[in-house]
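Please read the structure below before turning to the comments.
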Amino acid sequence: MSTPPDPGDPLVGVAGFAHALAAAGLPVASDAVAGYARALRQVDVGDPGQVYWAGRATLCRGPDDIPRYDSAFAGWFGGDVPARIPRSGELPRRARIAALTTSDGGDAEGGGPQLRVAADDTEVLRHRDIAELTAAERAHLAELIAALRPRPPSRPAIRMRPARRGAVDPRRTVRSMLAAGGETVRPSRHRKATRPRRVVLLIDVSGSMSPYADALLRFAHVVARGNPTGTEVFTLGTRMTRVSRALRVRDPEVALAAAGRAVPDWAGGTRLGETLRAFLNRWGRRGVARGAVVVIFSDGWERGDPTLLAEQMAQLRRLARTVLWVNPHAGADGYEPVQSGIAAALPHTDRLLAGHSLATLQELLALVRRA
């Protein structure tokens, strides 16, 4: 019968425990036993949990060893295997579930925007028009947008990469045969690698789009953070402004504040044709729009020449892989694209989408991913 170790001496019983492990089918090397002895000097040997984890960390070589280790530990030290010990300061996670609004329709208790939203409220909020949200609902929408995890579209790369399936790689196959002394080996295979495709977001920040501008810039911040080197963001109004660098800051509030300071024509007029021409002349033809997925967020209200807008859209369509037009009003019942701007641009777009809610923005992300 084995003698339990003396808690006052951490080294007593180490060799016996090693024999118990071997009897359980888990033989350990001498250096692992020495590591276990050193680990015991660093923990409280009067605490079974710390003794258990010290041995598991030093004596087990993989997940398959854990059941045999647990069996040997229970047999040698007696009692059950200790449960996981929470780290110092670690608290169990709890879901925050509460009502967004009180029964009388006002904001929840606390005065400022409260983020205590029931799951049902969140699902309803996903489909609400952003322009109709209260301050508290906008605050929660900002959190939901920040939680999005967009994946960029991909394009084939020139190089090949090793793969389990695909065409036979003759070079690697021959090298494997030479390394095996000329014996027949399993053929090595490879296939085309992929790279992220560039995404360009053009956001109309004119007065008619101001109810959606904050949410759309937050959406752009999430996309830019997901693929910083492959995402470009510009604002359109009476002039074109590049805000890509400002939106690459990790904190969304800091990023939006920086973008706001950079945009001089916030909530002003709309000259889509002229601003789009400025984008193409300075950025688009120089490579930013070539082969990219371009998304234009605008309601299509154009104060300039619609003919100019149609010409610039035609050029953009020839450069880009896909051109998507997101109009928040397109989700309304009975909507007809009769505004001068959208009527001129529509023949040169691949899809007209609604971007008035979080749900439609999530659908947009999926469409961009597949483009």
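By convention here, the chains of the structure tokens are called A, B, ... in the order presented, each chain's residues are numbered starting at 1, and ligands are numbered starting at 1 in the order presented.
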Just asking: which residues within range 154-342 of chain A are strand (DSSP E or B) according to DSSP, as a PyMOL selection string? chain A and resi 154-163+167-168+189-196+199-204+231-236+240-242+293-297+322-326
Give me the residues within 8 Å of Glu232 in chain A as a CSV table (one decimal) with C-alpha atoms, in the first residue's frame, counting only C-alpha atoms and dropping any in the same chain fewer than 6 places off.
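Generated output (selection-v5.csv):
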```csv
chain,number,residue,atom,x,y,z
A,198,ARG,CA,-9.3,45.3,-51.5
A,199,VAL,CA,-12.5,46.8,-50.2
A,200,VAL,CA,-13.3,50.5,-50.9
A,201,LEU,CA,-16.1,52.2,-48.9
A,224,ALA,CA,-11.1,48.7,-41.7
A,242,ARG,CA,-9.9,60.1,-47.3
A,243,VAL,CA,-10.5,58.8,-43.7
A,244,SER,CA,-8.8,55.4,-43.9
A,288,VAL,CA,-7.2,51.7,-55.3
```
At a cut-off of 10 Å, using only C-alpha atoms, what residues contact range 182-197 of chain A? Leave out same-chain residues fewer than 5 positions from it and give the result as a count of residues only. 38
Please identify all polymer residues within 10 Å of range 209-216 of chain A, counting only C-alpha atoms, omitting same-chain residues fewer than 5 positions from it, and present them as an MDAnalysis selection string. chainID A and resid 129:133 138 141:142 145 201 203:204 221:222 235 237 256 260 266:268 270 297:301 327:328 355:358 361
Atoms kept (C-alpha atoms) for selection, written as a CSV table (one decimal), in the first residue's frame:
```
chain,number,residue,atom,x,y,z
A,129,ASP,CA,-34.3,51.7,-39.1
A,130,ILE,CA,-31.2,53.4,-37.7
A,131,ALA,CA,-32.7,56.9,-38.3
A,132,GLU,CA,-35.6,56.1,-35.9
A,133,LEU,CA,-33.5,54.9,-32.9
A,138,ARG,CA,-28.0,54.0,-30.8
A,141,LEU,CA,-26.3,49.5,-31.8
A,142,ALA,CA,-22.7,50.9,-31.6
A,145,ILE,CA,-21.6,47.0,-34.8
A,201,LEU,CA,-16.1,52.2,-48.9
A,203,ILE,CA,-19.8,57.1,-47.6
A,204,ASP,CA,-22.1,60.0,-48.4
A,221,HIS,CA,-14.3,51.3,-38.8
A,222,VAL,CA,-15.0,47.6,-38.2
A,235,THR,CA,-16.5,60.4,-47.5
A,237,GLY,CA,-20.4,65.4,-50.0
A,256,LEU,CA,-14.8,58.5,-35.3
A,260,GLY,CA,-15.1,63.8,-37.9
A,266,TRP,CA,-20.2,67.2,-42.8
A,267,ALA,CA,-24.0,67.4,-43.3
A,268,GLY,CA,-23.6,69.7,-46.3
A,270,THR,CA,-24.2,66.5,-52.3
A,297,PHE,CA,-23.4,54.4,-49.3
A,298,SER,CA,-25.8,57.2,-50.5
A,299,ASP,CA,-29.5,58.0,-50.9
A,300,GLY,CA,-28.8,59.2,-54.4
A,301,TRP,CA,-29.8,62.8,-53.9
A,327,ASN,CA,-29.3,53.2,-50.2
A,328,PRO,CA,-31.0,53.4,-46.7
A,355,GLY,CA,-28.4,49.7,-45.5
A,356,HIS,CA,-31.0,51.1,-43.0
A,357,SER,CA,-30.5,48.5,-40.2
A,358,LEU,CA,-27.9,46.3,-38.6
A,361,LEU,CA,-25.5,45.7,-42.9
```
If we count only C-alpha atoms, what is near range 56-72 of chain A at a cut-off of 6 Å, once residues fewer than 5 positions away on the same chain are taken out, given as a PDB file with N, CA, C and O atoms, in the first residue's frame?
```
ATOM      1  N   ALA A  20       3.612   5.100  -9.600  1.00  0.00           N
ATOM      2  CA  ALA A  20       2.162   4.967  -9.759  1.00  0.00           C
ATOM      3  C   ALA A  20       1.717   5.347 -11.162  1.00  0.00           C
ATOM      4  O   ALA A  20       0.821   4.733 -11.745  1.00  0.00           O
ATOM      5  N   LEU A  21       2.366   6.368 -11.713  1.00  0.00           N
ATOM      6  CA  LEU A  21       2.049   6.752 -13.091  1.00  0.00           C
ATOM      7  C   LEU A  21       2.427   5.634 -14.064  1.00  0.00           C
ATOM      8  O   LEU A  21       1.682   5.326 -14.998  1.00  0.00           O
ATOM      9  N   ALA A  24      -0.032   3.005 -14.041  1.00  0.00           N
ATOM     10  CA  ALA A  24      -1.270   3.388 -14.723  1.00  0.00           C
ATOM     11  C   ALA A  24      -1.100   3.479 -16.229  1.00  0.00           C
ATOM     12  O   ALA A  24      -2.034   3.860 -16.939  1.00  0.00           O
ATOM     13  N   ALA A  32      11.328  14.863 -16.562  1.00  0.00           N
ATOM     14  CA  ALA A  32       9.974  15.308 -16.228  1.00  0.00           C
ATOM     15  C   ALA A  32       9.727  15.191 -14.733  1.00  0.00           C
ATOM     16  O   ALA A  32       9.081  16.060 -14.119  1.00  0.00           O
ATOM     17  N   TYR A  36       8.810  18.117 -12.135  1.00  0.00           N
ATOM     18  CA  TYR A  36       7.703  18.038 -11.185  1.00  0.00           C
ATOM     19  C   TYR A  36       8.170  18.412  -9.782  1.00  0.00           C
ATOM     20  O   TYR A  36       7.488  19.150  -9.051  1.00  0.00           O
TER      21      TYR A  36
END
```
At a cut-off of 12 Å, using only C-alpha atoms, what residues contact Ala255 in chain A? Leave out same-chain residues fewer than 3 positions from it and give the result as an NGL selection string. :A and (214 or 217-222 or 224-225 or 243-252 or 258-262)
Can you write just those residues out, N, CA, C and O atoms, as an mmCIF file, in the first residue's frame?
```
data_model
loop_
_atom_site.group_PDB
_atom_site.id
_atom_site.type_symbol
_atom_site.label_atom_id
_atom_site.label_comp_id
_atom_site.auth_asym_id
_atom_site.auth_seq_id
_atom_site.Cartn_x
_atom_site.Cartn_y
_atom_site.Cartn_z
ATOM 1 N N ASP A 214 -23.229 58.272 -38.654
ATOM 2 C CA ASP A 214 -22.464 57.744 -37.514
ATOM 3 C C ASP A 214 -22.391 56.222 -37.577
ATOM 4 O O ASP A 214 -21.311 55.641 -37.422
ATOM 5 N N LEU A 217 -20.104 55.059 -40.447
ATOM 6 C CA LEU A 217 -18.676 55.214 -40.140
ATOM 7 C C LEU A 217 -18.215 54.166 -39.123
ATOM 8 O O LEU A 217 -17.080 53.676 -39.196
ATOM 9 N N ARG A 218 -19.076 53.817 -38.171
ATOM 10 C CA ARG A 218 -18.727 52.734 -37.244
ATOM 11 C C ARG A 218 -18.598 51.413 -38.006
ATOM 12 O O ARG A 218 -17.701 50.600 -37.728
ATOM 13 N N PHE A 219 -19.503 51.216 -38.944
ATOM 14 C CA PHE A 219 -19.422 50.010 -39.783
ATOM 15 C C PHE A 219 -18.109 50.014 -40.574
ATOM 16 O O PHE A 219 -17.410 48.990 -40.650
ATOM 17 N N ALA A 220 -17.739 51.157 -41.128
ATOM 18 C CA ALA A 220 -16.486 51.257 -41.875
ATOM 19 C C ALA A 220 -15.287 51.025 -40.968
ATOM 20 O O ALA A 220 -14.286 50.434 -41.386
ATOM 21 N N HIS A 221 -15.390 51.478 -39.711
ATOM 22 C CA HIS A 221 -14.290 51.268 -38.755
ATOM 23 C C HIS A 221 -14.084 49.777 -38.504
ATOM 24 O O HIS A 221 -12.938 49.291 -38.463
ATOM 25 N N VAL A 222 -15.161 49.027 -38.372
ATOM 26 C CA VAL A 222 -15.042 47.584 -38.153
ATOM 27 C C VAL A 222 -14.405 46.907 -39.362
ATOM 28 O O VAL A 222 -13.532 46.048 -39.234
ATOM 29 N N ALA A 224 -12.451 48.317 -41.615
ATOM 30 C CA ALA A 224 -11.052 48.749 -41.721
ATOM 31 C C ALA A 224 -10.175 48.059 -40.684
ATOM 32 O O ALA A 224 -9.033 47.707 -40.970
ATOM 33 N N ARG A 225 -10.701 47.867 -39.474
ATOM 34 C CA ARG A 225 -9.920 47.184 -38.451
ATOM 35 C C ARG A 225 -9.716 45.713 -38.794
ATOM 36 O O ARG A 225 -8.705 45.120 -38.455
ATOM 37 N N VAL A 243 -10.531 59.006 -45.155
ATOM 38 C CA VAL A 243 -10.517 58.842 -43.696
ATOM 39 C C VAL A 243 -9.995 57.459 -43.301
ATOM 40 O O VAL A 243 -10.213 57.016 -42.167
ATOM 41 N N SER A 244 -9.316 56.781 -44.186
ATOM 42 C CA SER A 244 -8.829 55.417 -43.909
ATOM 43 C C SER A 244 -7.912 55.393 -42.705
ATOM 44 O O SER A 244 -8.049 54.546 -41.814
ATOM 45 N N ARG A 245 -6.945 56.322 -42.661
ATOM 46 C CA ARG A 245 -5.976 56.304 -41.568
ATOM 47 C C ARG A 245 -6.658 56.570 -40.234
ATOM 48 O O ARG A 245 -6.335 55.943 -39.231
ATOM 49 N N ALA A 246 -7.612 57.500 -40.207
ATOM 50 C CA ALA A 246 -8.302 57.803 -38.948
ATOM 51 C C ALA A 246 -9.080 56.593 -38.435
ATOM 52 O O ALA A 246 -9.135 56.344 -37.229
ATOM 53 N N LEU A 247 -9.657 55.803 -39.332
ATOM 54 C CA LEU A 247 -10.486 54.669 -38.924
ATOM 55 C C LEU A 247 -9.670 53.432 -38.583
ATOM 56 O O LEU A 247 -10.243 52.415 -38.206
ATOM 57 N N ARG A 248 -8.370 53.482 -38.733
ATOM 58 C CA ARG A 248 -7.547 52.320 -38.347
ATOM 59 C C ARG A 248 -7.182 52.321 -36.873
ATOM 60 O O ARG A 248 -6.574 51.394 -36.378
ATOM 61 N N VAL A 249 -7.543 53.380 -36.147
ATOM 62 C CA VAL A 249 -7.326 53.430 -34.701
ATOM 63 C C VAL A 249 -8.235 52.401 -34.042
ATOM 64 O O VAL A 249 -9.387 52.225 -34.436
ATOM 65 N N ARG A 250 -7.708 51.722 -33.021
ATOM 66 C CA ARG A 250 -8.460 50.625 -32.409
ATOM 67 C C ARG A 250 -9.743 51.103 -31.741
ATOM 68 O O ARG A 250 -10.801 50.500 -31.934
ATOM 69 N N ASP A 251 -9.673 52.176 -30.947
ATOM 70 C CA ASP A 251 -10.845 52.650 -30.212
ATOM 71 C C ASP A 251 -11.827 53.297 -31.188
ATOM 72 O O ASP A 251 -11.477 54.279 -31.860
ATOM 73 N N PRO A 252 -13.076 52.798 -31.270
ATOM 74 C CA PRO A 252 -14.015 53.378 -32.251
ATOM 75 C C PRO A 252 -14.359 54.831 -31.972
ATOM 76 O O PRO A 252 -14.557 55.601 -32.911
ATOM 77 N N ALA A 258 -11.639 61.408 -34.846
ATOM 78 C CA ALA A 258 -10.603 61.817 -35.803
ATOM 79 C C ALA A 258 -11.170 61.949 -37.208
ATOM 80 O O ALA A 258 -10.830 62.882 -37.951
ATOM 81 N N ALA A 259 -12.051 61.027 -37.592
ATOM 82 C CA ALA A 259 -12.673 61.108 -38.921
ATOM 83 C C ALA A 259 -13.552 62.352 -39.025
ATOM 84 O O ALA A 259 -13.580 63.028 -40.059
ATOM 85 N N GLY A 260 -14.282 62.657 -37.940
ATOM 86 C CA GLY A 260 -15.133 63.844 -37.950
ATOM 87 C C GLY A 260 -14.340 65.123 -38.123
ATOM 88 O O GLY A 260 -14.782 66.045 -38.817
ATOM 89 N N ARG A 261 -13.168 65.176 -37.488
ATOM 90 C CA ARG A 261 -12.325 66.379 -37.642
ATOM 91 C C ARG A 261 -11.753 66.492 -39.055
ATOM 92 O O ARG A 261 -11.485 67.597 -39.536
ATOM 93 N N ALA A 262 -11.586 65.355 -39.720
ATOM 94 C CA ALA A 262 -10.985 65.382 -41.057
ATOM 95 C C ALA A 262 -11.975 65.751 -42.144
ATOM 96 O O ALA A 262 -11.572 66.149 -43.241
#
```
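If only C-alpha atoms are the atoms counted, then among A:Val223, A:Arg128, A:Gln50, A:Ala18 the closest residue to Ala332 in chain A is A:Arg128.
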Which distance in Å separates CA of Ala257 in chain A and CA of Val294 in chain A, to one decimal? 24.2 Å
Set the distance at 7 Å and use only C-alpha atoms: which residues neighbour Gly341 in chain A once local chain neighbours fewer than 2 positions away are removed? I'd like the list as a ChimeraX atom specification. /A:300-302,306,339,343-345
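Minimum distance to Ser30 in chain A across A:Ala15, A:Leu178, A:Ala74, A:Ala354 (counting only C-alpha atoms) occurs at A:Ala15.
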